[in-house]
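Below: the structure, in structure tokens.
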Amino acid sequence: MSKAILSGNEAIARGFLEAGGKIAAAYPGTPSTEVLEVLSKEKGIHAEWSTNEKVALEVAIGGSLSGVRSMACMKHVGVNVASDPLMTVAYTGVNAGLVLMAADDPGMFSSQNEQDTRHYARMAKIPCIEPSDSNEARAYVRAAFELSETFDTPVILRTTTRISHCKTVVETEAPVTIKDRDLARDVPKYVMLPANAKKRHLIVEDRLAKLREWAETAPLNEVIEGDPEIGFIVNGISYQYVREAFPHAKVLKLGMTYPLPEKKIRAFAAAVRKLAVVEELDGFIEEQIKAMNIIVHLGKTAFPSCGELSSRTIREAVMGSAPACKLPVGGLIMRPPTFCPGCSHRGLYTIIAKLKLYVSGDIGCYTLGALPPFSSMHTCICMGASISAAHGISRGLALRGVHQKPVAVIGDSTFLHSGITGLIDMIYNGGDALVVIMNNDTTGMTGGQEHAGTGRTAQGAESPKLNIEKLCQAIGASRVREIDAYDLKGLEKTMKEELATPGPSVLISNQPCVLRYKVSKKPFHVIKETCVGCKACLKAGCIALSFVPEGKKGHVEVDTLLCNGCSVCSQLCTTKSMVST
Amino acid sequence: MNVFNILIAGVGGQGVLLTSKIIAEAALLQGLDVKQSEVHGMAQRGGSVLSQVRIGEKVFSPIVSEGEADLLIGFEPLETARYLHFLREGGAVVYNTRPIGTIGVSIGKETYPQDIHETITKNAPRVLAFDATNVAVEVGEKRAVNLVLLGAALRSLPLDPSVVDNAITNSVPKKLLELNRKAFLAGKSQAN
């Protein structure tokens, strides 16, 4: 046994290895990404970046059927994509253990919504377990596999951003040796024809009743003795916040939040004067406790459903006040995220903003095109929605007699994740939009992961490189053009041509992600004598540029430590004063 | 010991996370409990980045609350000022005086505050301020600002210097170790 400081995600990867896990599949998504990143470095297992979360879960289901412990990892919104196989694998059950690791993002550090994955556990009638730190995250993976095999059920291992990304001390254990099972051949159990599924549904209900009974004595659910004035029922990170705020209180820590141990909760409630249920996001535990006809004194009316909790907010909600502290310094300008200097998305947005196009956006770094100075995104819903929504917009505008070709903007990884189906639909159903695939040869926002289009596996091994141009042609796109993402004139000319041509067009703009590929080009600088201070270059929206006022005009300066030499600003310069060093 | 709370604030890409990783690793080597919190993803793209490290005999919450921080290490002046209200009475600040413009400044919509140093000294009694970027450039690696600041903050940390040194060795790639150690020592001499 040795000690290490690991993030929750690193600990889950460690736990997977300790539990004898063999197949891990994931699509990158903050805050879940690092689990597979760690596992991709391990030998003797199969770890892959799957095309999307549905595929990842199906790969893991296949792994379970083949006889080895398997896990799929994803962020909370990825579970929506994977929910189709999830709802039915809940019926078939498993062969070897099957775990779905899902990371929620309270506070939305890097997400488009704040949904609570625990509802899926109730919907699928399968267990949901929630660690409260990295060491538990490690241990709970093994517990999840054991639970999965004992009860013949997939298990959701749910984390939140603070569990996945906080680093805490972990005590590692030696891996267990798991005997592989035989490939599952059991038609009534694994082939969900209605006649079979009807029988399986009965088994699901029976299994849930058994899980409820098991929860009563499960070591995952633990009472910490203390002052019974207020008893706190907690899960995940809220356990840490409550212990910090009320170190002497009596606490029922639920490591399994579905199904709940009713008798244990009833006994706990009876032993305290007031009952508080502290959980981030929805009142998932609270509602179930209220349905048991147990009075909850402090719940979602006290602890907000939006955003994260903290020890301070919990103390404030319970005591009515918190220790005094200073107010934030007022009037400070904000620092929103922005494209990196040298980012290949900058040129395209410079032109889109100039042409004032209507943009149907997607999920990735390029979503930042919605922010100033570009402010060039008008809808962004979920992975892959850009193209299908642009198609719907184009049909609606046509019905209204409005002649305007909307633009869909999507990255290479997102295109393969679920943009491709939208494009098939648009071409099949006579759409009229310009689809721009911003190909930077990586999954950028999550830190640069491989996908089918990069031609490398998660391990960096060579694999057949998917050709996006040919793929688009194969599904019937007659107008597919490729262009250099840094070439402003070329971008403008090509976009204007495609916008003037009726029917679907695909424009693939290419330049590698400067972060992923560590691109380091010579910085530019300004010839101060010829710069007239017209600010045309500032339209590139780059933090390496700044305007230095001098009298009535002024000039632009380049921070050469930040500049990455992409040349977009120099192409905007009206006096040729921006030159390469 | 009481829990010691550290905030490390900066701009995405400056290496804030490595500094907090080294501090956390050092705390572990010293036999203490430690929790470190950081955010990934969209927030990292040139935006404000905050990392939090809590060190003690037993640490519950990984998050530092307002008015609780013993030490604020700022990689950039504006980002330092943004978290001043997290300092406890008498808490210390070590910060890099080299500003990085925001996108609002770059496009000419906003101006970078001119009185930021006064704001910081007015709100904190113990401030160590110097151009850490310049020190890193002089050492020969502009990206080593994180180690320069770690060196400068060493005196304010409840950690044995030798465990910090070991933590650096464990956390930095071998071929960059010498350069990083030089940056660390250059930062340390700023605190004298």
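Quick note on naming: the chains in the structure tokens go A, B, ... in the order shown, residues restart at 1 in each chain, and ligands are numbered from 1 in order of appearance.
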What are the nearest atom pairs, with distances in Å to one decimal, for all residues of chain A that come at most 6 Å from chain B, using only C-alpha atoms, set out by chain and rising residue number as CSV?
```
residue,atom,partner,partner_atom,distance
A:Thr30,CA,B:Gly41,CA,5.9
A:Ser110,CA,B:Met42,CA,5.2
A:Cys166,CA,B:Ser37,CA,4.3
A:Lys167,CA,B:Gln36,CA,4.9
A:Thr168,CA,B:Lys35,CA,4.7
A:Gln240,CA,B:Phe60,CA,4.9
A:Tyr241,CA,B:Ser61,CA,5.2
A:Glu244,CA,B:Phe60,CA,5.6
A:Cys325,CA,B:Gly67,CA,5.0
A:Lys326,CA,B:His85,CA,5.0
A:Leu327,CA,B:His85,CA,5.8
A:Pro328,CA,B:His85,CA,5.1
A:Arg335,CA,B:Gly47,CA,5.3
A:Pro336,CA,B:Gly47,CA,4.9
A:Pro337,CA,B:Gly47,CA,3.8
A:Thr338,CA,B:Gly46,CA,5.5
A:Met445,CA,B:Gly41,CA,5.8
A:Thr446,CA,B:Gly41,CA,5.4
A:Leu538,CA,B:Ile107,CA,5.1
A:Gly541,CA,B:Ile107,CA,6.0
A:Ile543,CA,B:Ile103,CA,5.3
A:Leu545,CA,B:Ser106,CA,5.4
A:Ser546,CA,B:Ser106,CA,4.5
```
Quiz item: Hey, what's within 12 Å of Ile483 of chain A if we count only C-alpha atoms and toss same-chain stuff fewer than 2 positions away? As a list in words, please?
Solution: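 Selected residues are Ser344, Gly347, Leu348, Val436, Ile437, Met438, Asn439, Glu469, Val480, Arg481, Ala485, Tyr486, Asp487, Leu488, Lys489, Gly490, Leu491, Glu492, Lys493, Thr494, Met495, Val506, Leu507, Ile508, Ser509, Asn510 and Gln511 of chain A.
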Quiz item: If we count only C-alpha atoms, what is near segment 384-395 of chain A at a cut-off of 8 Å, once residues fewer than 6 positions away on the same chain are taken out, given as a list in words?
Solution: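 In the requested format, the answer is Val359, Ser360, Gly361, Asp362, Ile363, Gln404, Lys405, Pro406, Val407, Ala408, Val409, Ile410, Thr414, Phe415, His417, Ser418, Gly419, Ile420, Gly422, Leu423, Asp425, Met426, Gly431, Asp432, Ala433 and Val435 of chain A.
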Practice problem: Considering only C-alpha atoms, return as a ChimeraX atom specification whatever protein or nucleic-acid residues lie within 7 Å of Arg142 of chain A, sequence-local ones (same chain, fewer than 5 positions apart) excluded. | Solution: /A:15-16,19
